[in-house]
Structure formats: structure tokens, C-alpha cells
file start-v2.pdb (PDB, C-alpha atoms, pLDDT in the B column)
ATOM      1  CA  MET A   5     106.705-129.495 -10.897  1.00 64.00           C
ATOM      2  CA  SER A   6     105.487-126.279  -9.311  1.00 84.00           C
ATOM      3  CA  ASP A   7     107.564-124.912  -6.489  1.00 91.00           C
ATOM      4  CA  PHE A   8     108.278-121.630  -4.766  1.00 93.00           C
ATOM      5  CA  GLU A   9     111.825-121.377  -6.178  1.00 94.00           C
ATOM      6  CA  ASN A  10     110.451-121.469  -9.725  1.00 95.00           C
ATOM      7  CA  LEU A  11     107.666-119.038  -8.803  1.00 96.00           C
ATOM      8  CA  GLU A  12     110.275-116.680  -7.336  1.00 96.00           C
ATOM      9  CA  THR A  13     112.133-116.742 -10.663  1.00 96.00           C
ATOM     10  CA  ILE A  14     108.961-116.115 -12.670  1.00 97.00           C
ATOM     11  CA  ALA A  15     107.882-113.252 -10.370  1.00 97.00           C
ATOM     12  CA  PHE A  16     111.338-111.665 -10.643  1.00 97.00           C
ATOM     13  CA  GLN A  17     111.176-111.970 -14.432  1.00 98.00           C
ATOM     14  CA  ILE A  18     107.768-110.263 -14.467  1.00 97.00           C
ATOM     15  CA  LYS A  19     109.151-107.390 -12.374  1.00 97.00           C
ATOM     16  CA  GLU A  20     112.212-107.051 -14.631  1.00 97.00           C
ATOM     17  CA  ASN A  21     110.119-107.068 -17.803  1.00 98.00           C
ATOM     18  CA  ARG A  22     107.730-104.499 -16.345  1.00 97.00           C
ATOM     19  CA  SER A  23     110.696-102.267 -15.594  1.00 97.00           C
ATOM     20  CA  LYS A  24     111.980-102.696 -19.160  1.00 98.00           C
ATOM     21  CA  LEU A  25     108.487-102.006 -20.494  1.00 97.00           C
ATOM     22  CA  HIS A  26     108.297 -98.770 -18.501  1.00 97.00           C
ATOM     23  CA  LYS A  27     111.659 -97.640 -19.942  1.00 97.00           C
ATOM     24  CA  ILE A  28     110.560 -98.511 -23.467  1.00 97.00           C
ATOM     25  CA  GLU A  29     107.308 -96.590 -23.007  1.00 97.00           C
ATOM     26  CA  ASP A  30     109.323 -93.564 -21.841  1.00 97.00           C
ATOM     27  CA  LEU A  31     111.632 -93.819 -24.865  1.00 96.00           C
ATOM     28  CA  LEU A  32     108.668 -94.250 -27.186  1.00 96.00           C
ATOM     29  CA  SER A  33     107.053 -91.157 -25.727  1.00 96.00           C
ATOM     30  CA  SER A  34     110.251 -89.187 -26.319  1.00 95.00           C
ATOM     31  CA  VAL A  35     110.506 -90.429 -29.918  1.00 94.00           C
ATOM     32  CA  ASN A  36     106.855 -89.534 -30.561  1.00 93.00           C
ATOM     33  CA  ILE A  37     107.457 -86.019 -29.248  1.00 92.00           C
ATOM     34  CA  GLN A  38     110.458 -85.633 -31.566  1.00 89.00           C
ATOM     35  CA  LEU A  39     108.456 -86.958 -34.513  1.00 88.00           C
ATOM     36  CA  HIS A  40     105.752 -84.428 -33.759  1.00 88.00           C
ATOM     37  CA  GLU A  41     108.222 -81.531 -33.450  1.00 84.00           C
ATOM     38  CA  ILE A  42     110.298 -82.195 -36.582  1.00 80.00           C
ATOM     39  CA  PRO A  43     107.627 -81.108 -39.116  1.00 75.00           C
ATOM     40  CA  LEU A  44     107.056 -77.950 -37.066  1.00 76.00           C
ATOM     41  CA  LYS A  45     110.764 -77.081 -37.140  1.00 78.00           C
ATOM     42  CA  ARG A  46     111.723 -78.455 -40.560  1.00 74.00           C
ATOM     43  CA  THR A  47     111.323 -75.229 -42.573  1.00 77.00           C
ATOM     44  CA  THR A  48     113.353 -73.102 -40.169  1.00 84.00           C
ATOM     45  CA  GLU A  49     116.072 -75.716 -39.627  1.00 77.00           C
ATOM     46  CA  SER A  50     116.520 -76.521 -43.324  1.00 73.00           C
ATOM     47  CA  THR A  51     116.570 -72.832 -44.286  1.00 76.00           C
ATOM     48  CA  PHE A  52     119.148 -72.089 -41.593  1.00 80.00           C
ATOM     49  CA  ALA A  53     121.325 -75.047 -42.636  1.00 73.00           C
ATOM     50  CA  LYS A  54     121.196 -73.875 -46.273  1.00 73.00           C
ATOM     51  CA  MET A  55     122.147 -70.326 -45.234  1.00 81.00           C
ATOM     52  CA  ILE A  56     125.242 -71.488 -43.363  1.00 85.00           C
ATOM     53  CA  GLY A  57     126.239 -73.962 -46.055  1.00 81.00           C
ATOM     54  CA  VAL A  58     125.680 -77.299 -44.309  1.00 82.00           C
ATOM     55  CA  GLY A  59     123.379 -80.179 -45.084  1.00 80.00           C
ATOM     56  CA  TYR A  60     120.204 -80.731 -43.156  1.00 68.00           C
ATOM     57  CA  ASP A  61     119.029 -84.151 -42.016  1.00 74.00           C
ATOM     58  CA  ASP A  62     115.929 -84.056 -39.868  1.00 69.00           C
ATOM     59  CA  LYS A  63     116.508 -87.680 -38.765  1.00 82.00           C
ATOM     60  CA  MET A  64     112.848 -88.436 -39.494  1.00 79.00           C
ATOM     61  CA  SER A  65     113.555 -91.831 -41.083  1.00 82.00           C
ATOM     62  CA  ASP A  66     115.848 -92.846 -38.195  1.00 89.00           C
ATOM     63  CA  LEU A  67     113.190 -91.860 -35.689  1.00 91.00           C
ATOM     64  CA  GLU A  68     110.526 -93.791 -37.606  1.00 92.00           C
ATOM     65  CA  LYS A  69     112.743 -96.918 -37.507  1.00 95.00           C
ATOM     66  CA  THR A  70     113.385 -96.412 -33.799  1.00 95.00           C
ATOM     67  CA  LYS A  71     109.664 -95.985 -33.187  1.00 95.00           C
ATOM     68  CA  LYS A  72     108.886 -99.253 -35.001  1.00 96.00           C
ATOM     69  CA  GLN A  73     111.568-101.102 -33.026  1.00 97.00           C
ATOM     70  CA  LEU A  74     110.319 -99.691 -29.731  1.00 96.00           C
ATOM     71  CA  GLU A  75     106.712-100.545 -30.558  1.00 97.00           C
ATOM     72  CA  GLN A  76     107.744-104.124 -31.408  1.00 97.00           C
ATOM     73  CA  SER A  77     109.757-104.407 -28.175  1.00 97.00           C
ATOM     74  CA  LYS A  78     106.791-103.049 -26.243  1.00 97.00           C
ATOM     75  CA  MET A  79     104.464-105.645 -27.784  1.00 98.00           C
ATOM     76  CA  ASP A  80     106.969-108.453 -27.159  1.00 97.00           C
ATOM     77  CA  LEU A  81     107.402-107.458 -23.515  1.00 98.00           C
ATOM     78  CA  LYS A  82     103.653-107.173 -22.948  1.00 97.00           C
ATOM     79  CA  THR A  83     103.198-110.641 -24.422  1.00 98.00           C
ATOM     80  CA  SER A  84     106.020-112.030 -22.279  1.00 98.00           C
ATOM     81  CA  ILE A  85     104.616-110.430 -19.129  1.00 97.00           C
ATOM     82  CA  MET A  86     101.129-111.790 -19.782  1.00 96.00           C
ATOM     83  CA  LYS A  87     102.532-115.256 -20.490  1.00 97.00           C
ATOM     84  CA  ASP A  88     104.618-115.166 -17.294  1.00 97.00           C
ATOM     85  CA  ILE A  89     101.622-113.992 -15.225  1.00 96.00           C
ATOM     86  CA  ASP A  90      99.564-116.831 -16.683  1.00 95.00           C
ATOM     87  CA  THR A  91     102.345-119.306 -15.842  1.00 95.00           C
ATOM     88  CA  PHE A  92     102.672-117.867 -12.318  1.00 96.00           C
ATOM     89  CA  ILE A  93      98.945-118.269 -11.673  1.00 95.00           C
ATOM     90  CA  SER A  94      98.867-121.766 -13.172  1.00 94.00           C
ATOM     91  CA  GLU A  95     101.855-122.946 -11.162  1.00 95.00           C
ATOM     92  CA  PHE A  96     100.761-121.329  -7.897  1.00 95.00           C
ATOM     93  CA  SER A  97      97.291-122.809  -8.346  1.00 94.00           C
ATOM     94  CA  SER A  98      98.609-126.267  -9.141  1.00 93.00           C
ATOM     95  CA  PRO A  99      97.561-129.057  -6.776  1.00 92.00           C
ATOM     96  CA  ASN A 100     101.206-130.184  -7.028  1.00 93.00           C
ATOM     97  CA  LEU A 101     102.626-126.905  -5.667  1.00 94.00           C
ATOM     98  CA  ILE A 102     105.535-127.536  -3.328  1.00 94.00           C
ATOM     99  CA  ILE A 103     106.086-125.011  -0.545  1.00 95.00           C
ATOM    100  CA  PRO A 104     109.467-125.581   1.095  1.00 95.00           C
ATOM    101  CA  LEU A 105     108.449-125.303   4.750  1.00 95.00           C
ATOM    102  CA  GLU A 106     110.441-126.694   7.649  1.00 93.00           C
ATOM    103  CA  ASN A 107     108.866-129.935   8.780  1.00 90.00           C
ATOM    104  CA  ASN A 108     108.655-128.957  12.454  1.00 91.00           C
ATOM    105  CA  PRO A 109     106.969-125.663  13.278  1.00 94.00           C
ATOM    106  CA  LYS A 110     107.666-123.585  16.352  1.00 94.00           C
ATOM    107  CA  ILE A 111     104.935-122.521  18.759  1.00 94.00           C
ATOM    108  CA  ILE A 112     105.466-118.857  19.610  1.00 94.00           C
ATOM    109  CA  ASP A 113     102.973-116.850  21.693  1.00 94.00           C
ATOM    110  CA  GLY A 114     100.242-119.415  21.052  1.00 93.00           C
ATOM    111  CA  LYS A 115     100.799-119.346  17.270  1.00 95.00           C
ATOM    112  CA  THR A 116     102.240-121.990  14.983  1.00 96.00           C
ATOM    113  CA  VAL A 117     105.164-120.617  12.971  1.00 96.00           C
ATOM    114  CA  TYR A 118     106.555-122.352   9.905  1.00 96.00           C
ATOM    115  CA  LYS A 119     109.819-121.069   8.446  1.00 96.00           C
ATOM    116  CA  TYR A 120     110.940-121.817   4.919  1.00 96.00           C
ATOM    117  CA  ARG A 121     113.661-124.453   4.565  1.00 95.00           C
ATOM    118  CA  GLU A 122     117.269-123.297   4.551  1.00 93.00           C
ATOM    119  CA  GLY A 123     116.237-119.766   5.492  1.00 92.00           C
ATOM    120  CA  SER A 124     114.760-119.204   2.039  1.00 95.00           C
ATOM    121  CA  GLN A 125     112.802-116.032   1.361  1.00 95.00           C
ATOM    122  CA  PHE A 126     110.256-115.466  -1.384  1.00 96.00           C
ATOM    123  CA  LYS A 127     109.922-111.702  -1.630  1.00 96.00           C
ATOM    124  CA  ASN A 128     108.986-111.627  -5.328  1.00 97.00           C
ATOM    125  CA  VAL A 129     106.380-114.386  -4.964  1.00 96.00           C
ATOM    126  CA  PHE A 130     104.584-112.473  -2.241  1.00 95.00           C
ATOM    127  CA  GLU A 131     104.857-109.107  -3.985  1.00 95.00           C
ATOM    128  CA  MET A 132     103.217-110.687  -7.033  1.00 95.00           C
ATOM    129  CA  LEU A 133     100.537-112.433  -4.948  1.00 95.00           C
ATOM    130  CA  CYS A 134      99.712-109.233  -3.076  1.00 94.00           C
ATOM    131  CA  GLU A 135      99.417-107.330  -6.344  1.00 94.00           C
ATOM    132  CA  MET A 136      97.231-109.986  -7.975  1.00 94.00           C
ATOM    133  CA  LEU A 137      94.987-110.311  -4.936  1.00 93.00           C
ATOM    134  CA  GLY A 138      94.852-106.571  -4.259  1.00 92.00           C
ATOM    135  CA  LEU A 139      96.113-107.074  -0.717  1.00 91.00           C
ATOM    136  CA  SER A 140      99.041-105.740   1.262  1.00 90.00           C
ATOM    137  CA  SER A 141     101.948-107.756   2.593  1.00 87.00           C
ATOM    138  CA  PRO A 142     101.953-109.872   4.644  1.00 92.00           C
ATOM    139  CA  LEU A 143      98.962-111.748   3.247  1.00 93.00           C
ATOM    140  CA  VAL A 144      96.441-112.553   5.952  1.00 93.00           C
ATOM    141  CA  ILE A 145      93.802-115.092   4.964  1.00 92.00           C
ATOM    142  CA  LYS A 146      91.560-116.005   7.867  1.00 88.00           C
ATOM    143  CA  ASP A 147      93.916-116.997  10.716  1.00 92.00           C
ATOM    144  CA  VAL A 148      96.944-117.518   8.473  1.00 96.00           C
ATOM    145  CA  MET A 149      99.619-114.893   7.807  1.00 96.00           C
ATOM    146  CA  LEU A 150     101.797-115.646   4.809  1.00 96.00           C
ATOM    147  CA  SER A 151     104.970-113.649   4.331  1.00 95.00           C
ATOM    148  CA  PRO A 152     108.212-113.929   2.359  1.00 96.00           C
ATOM    149  CA  THR A 153     110.023-115.375   5.399  1.00 95.00           C
ATOM    150  CA  GLU A 154     107.464-117.431   7.326  1.00 96.00           C
ATOM    151  CA  ILE A 155     103.896-118.590   7.716  1.00 96.00           C
ATOM    152  CA  VAL A 156     102.165-117.875  11.014  1.00 96.00           C
ATOM    153  CA  ILE A 157      98.920-119.582  11.947  1.00 97.00           C
ATOM    154  CA  ALA A 158      96.921-118.191  14.858  1.00 95.00           C
ATOM    155  CA  VAL A 159      96.506-121.522  16.654  1.00 94.00           C
ATOM    156  CA  LYS A 160      98.929-123.585  18.715  1.00 91.00           C
ATOM    157  CA  ASP A 161      97.585-127.027  17.778  1.00 93.00           C
ATOM    158  CA  GLU A 162      99.760-128.282  14.908  1.00 93.00           C
ATOM    159  CA  PHE A 163      97.020-130.354  13.235  1.00 94.00           C
ATOM    160  CA  GLU A 164      94.562-127.452  13.321  1.00 95.00           C
ATOM    161  CA  ALA A 165      97.311-125.171  11.992  1.00 95.00           C
ATOM    162  CA  LYS A 166      97.870-127.503   9.037  1.00 94.00           C
ATOM    163  CA  GLN A 167      94.136-127.499   8.272  1.00 96.00           C
ATOM    164  CA  LYS A 168      93.948-123.703   8.403  1.00 96.00           C
ATOM    165  CA  PHE A 169      97.041-123.389   6.215  1.00 95.00           C
ATOM    166  CA  ILE A 170      95.641-125.781   3.582  1.00 95.00           C
ATOM    167  CA  ASN A 171      92.286-123.946   3.561  1.00 95.00           C
ATOM    168  CA  SER A 172      93.956-120.543   3.219  1.00 95.00           C
ATOM    169  CA  LEU A 173      96.188-121.763   0.409  1.00 95.00           C
ATOM    170  CA  HIS A 174      93.193-123.223  -1.423  1.00 95.00           C
ATOM    171  CA  GLU A 175      91.371-119.917  -1.029  1.00 95.00           C
ATOM    172  CA  ILE A 176      94.319-118.053  -2.600  1.00 95.00           C
ATOM    173  CA  GLN A 177      94.560-120.603  -5.407  1.00 95.00           C
ATOM    174  CA  ASN A 178      90.841-120.387  -6.170  1.00 93.00           C
ATOM    175  CA  THR A 179      90.935-116.582  -6.183  1.00 94.00           C
ATOM    176  CA  LEU A 180      93.884-116.596  -8.591  1.00 93.00           C
ATOM    177  CA  LEU A 181      92.095-119.025 -10.905  1.00 91.00           C
ATOM    178  CA  ILE A 182      89.041-116.737 -10.946  1.00 90.00           C
ATOM    179  CA  LYS A 183      91.262-113.758 -11.838  1.00 81.00           C
ATOM    180  CA  LYS A 184      92.904-115.781 -14.602  1.00 77.00           C
ATOM    181  CA  LYS A 185      89.573-116.233 -16.421  1.00 70.00           C
TER     182      LYS A 185
END
call {"tool": "encode", "arguments": {"input": "start-v2.pdb", "output": "C-alpha cells"}}
result
Amino acid sequence: MSDFENLETIAFQIKENRSKLHKIEDLLSSVNIQLHEIPLKRTTESTFAKMIGVGYDDKMSDLEKTKKQLEQSKMDLKTSIMKDIDTFISEFSSPNLIIPLENNPKIIDGKTVYKYREGSQFKNVFEMLCEMLGLSSPLVIKDVMLSPTEIVIAVKDEFEAKQKFINSLHEIQNTLLIKKK
């Protein structure tokens, strides 16, 4: 079953893995710099160590192991992120998607306003949607504004509001499916 709570979890996981990926890429860059510098410094460092009577270990093999581990972690995270994005798109685009809206909307300033049940908020879902659609938050599709806290439809007739909401949601779903291909 596809629902916003699950999508929130998936979107959060994508954000977390992207953050980890960024840190790994920074570490990998640092290791690559060290691997590049060691051969340039090896002669001087080993000669100096010999002169003062200590052993010299350039840590090259340790850095090579670290580089391999970081590269594997980077690949694993990229795979996980892509899989999670694919799952997010599939679940959001599902005809069985459940959006936990309050059953009775409020009419405010001539607009129909639906709040999420139990005061739920879906910040990560909407950050991910905005990123995937290339739009800013809140998402505005035709006369429907979708945000992490509520959905506002620019009509006061509840039936017309439901129609506009369904059409806007289908438009988002179709756009996501196109991007998935």
C-alpha cells in the first residue's frame, strides 16, 4: 500500500543517503589527494626518516584500502539512492496512493483547505517532489497548492475542489512517471 507516511520515510532516507554520499565523496577526494602527494614526498620523507634513525611508512597501502572501501560505499549509496528514488516515484504514482487528508475541508477566503489528518506534515515528501519536478515549494499545479501541511484549492465548491485536486495529483503522477523513464 502506498501512503504518505511511507513516502515520508523513503524521502528522508534519500536525503540521509545523499548526505552520507557527499561525506564519502569528500573523504575520497582527500584520500586521492594524499595518494597523489605521497610519491612526490616519498624520497624526502624516507631519506629524512633514515637520517634520524626511524622507520618510514608512507601509508600507501592503507590509503589504497581506504580508497577501495570508500569507492565501494559510494557505489552502494548511489545504488540505494537510485532504488529509493525509483520506489518513491512508483509509490507516489500508484493509483492506490493514500493521502491522509481530513474528511471535511474548511472554506477560507473562498478557497477549499484540506489539512492532513492528526496534524501530520510531510516536509520530506514535498522537498523530494519539488526537486523531481523542478519546482519550488509549495507546489502549485493549476488551482491547487500542495504543501507539507495542507492542500489549498482555489475554489469554494467542495465537489469542484475534489475534481481539481484529483486532476492536479494525476498531473504530478504522470510527470513523475515520464521522468522515471
call {"tool": "residues_around", "arguments": {"input": "start-v2.pdb", "residues": "stretch 83-94 of chain A", "least_positions_apart": "6", "cutoff": "9 Å", "atoms": "all atoms listed in the file", "output": "list in words"}}
result
Ser6, Asn10, Leu11, Ile14, Ala15, Gln17, Ile18, Lys19, Asn21, Arg22, Val129, Met132, Gln177, Leu180, Leu181, Lys183 and Lys184 of chain A
call {"tool": "closest_residue", "arguments": {"input": "start-v2.pdb", "among": "A:Ser65, A:Ser98, A:Ser50, A:Ser33", "to": "A:Ile176", "atoms": "only C-alpha atoms"}}
result
A:Ser98
call {"tool": "resolve_selection", "arguments": {"input": "start-v2.pdb", "expression": "the PyMOL selection byres ((chain A and resi 168) around 10)", "output": "list in words"}}
result
Ile145, Lys146, Asp147, Val148, Ile157, Ala158, Val159, Glu162, Phe163, Glu164, Ala165, Lys166, Gln167, Phe169, Ile170, Asn171, Ser172, Leu173 and His174 of chain A
call {"tool": "atom_distance", "arguments": {"input": "start-v2.pdb", "atom1": "atom CA of A:Asn128", "atom2": "atom CA of A:Phe16"}}
result
5.8 Å
call {"tool": "atom_distance", "arguments": {"input": "start-v2.pdb", "atom1": "atom CA of A:Leu143", "atom2": "atom CA of A:Leu25"}}
result
27.4 Å
call {"tool": "closest_residue", "arguments": {"input": "start-v2.pdb", "among": "A:Leu101, A:Cys134, A:Met79, A:Val156", "to": "A:Asp113", "atoms": "all atoms listed in the file"}}
result
A:Val156
call {"tool": "closest_residue", "arguments": {"input": "start-v2.pdb", "among": "A:His40, A:Lys45, A:Lys160, A:Lys69", "to": "A:Thr116", "atoms": "only C-alpha atoms"}}
result
A:Lys160
call {"tool": "closest_residue", "arguments": {"input": "start-v2.pdb", "among": "A:Leu31, A:Gly114, A:Asp61, A:Leu137", "to": "A:Glu49", "atoms": "only C-alpha atoms"}}
result
A:Asp61
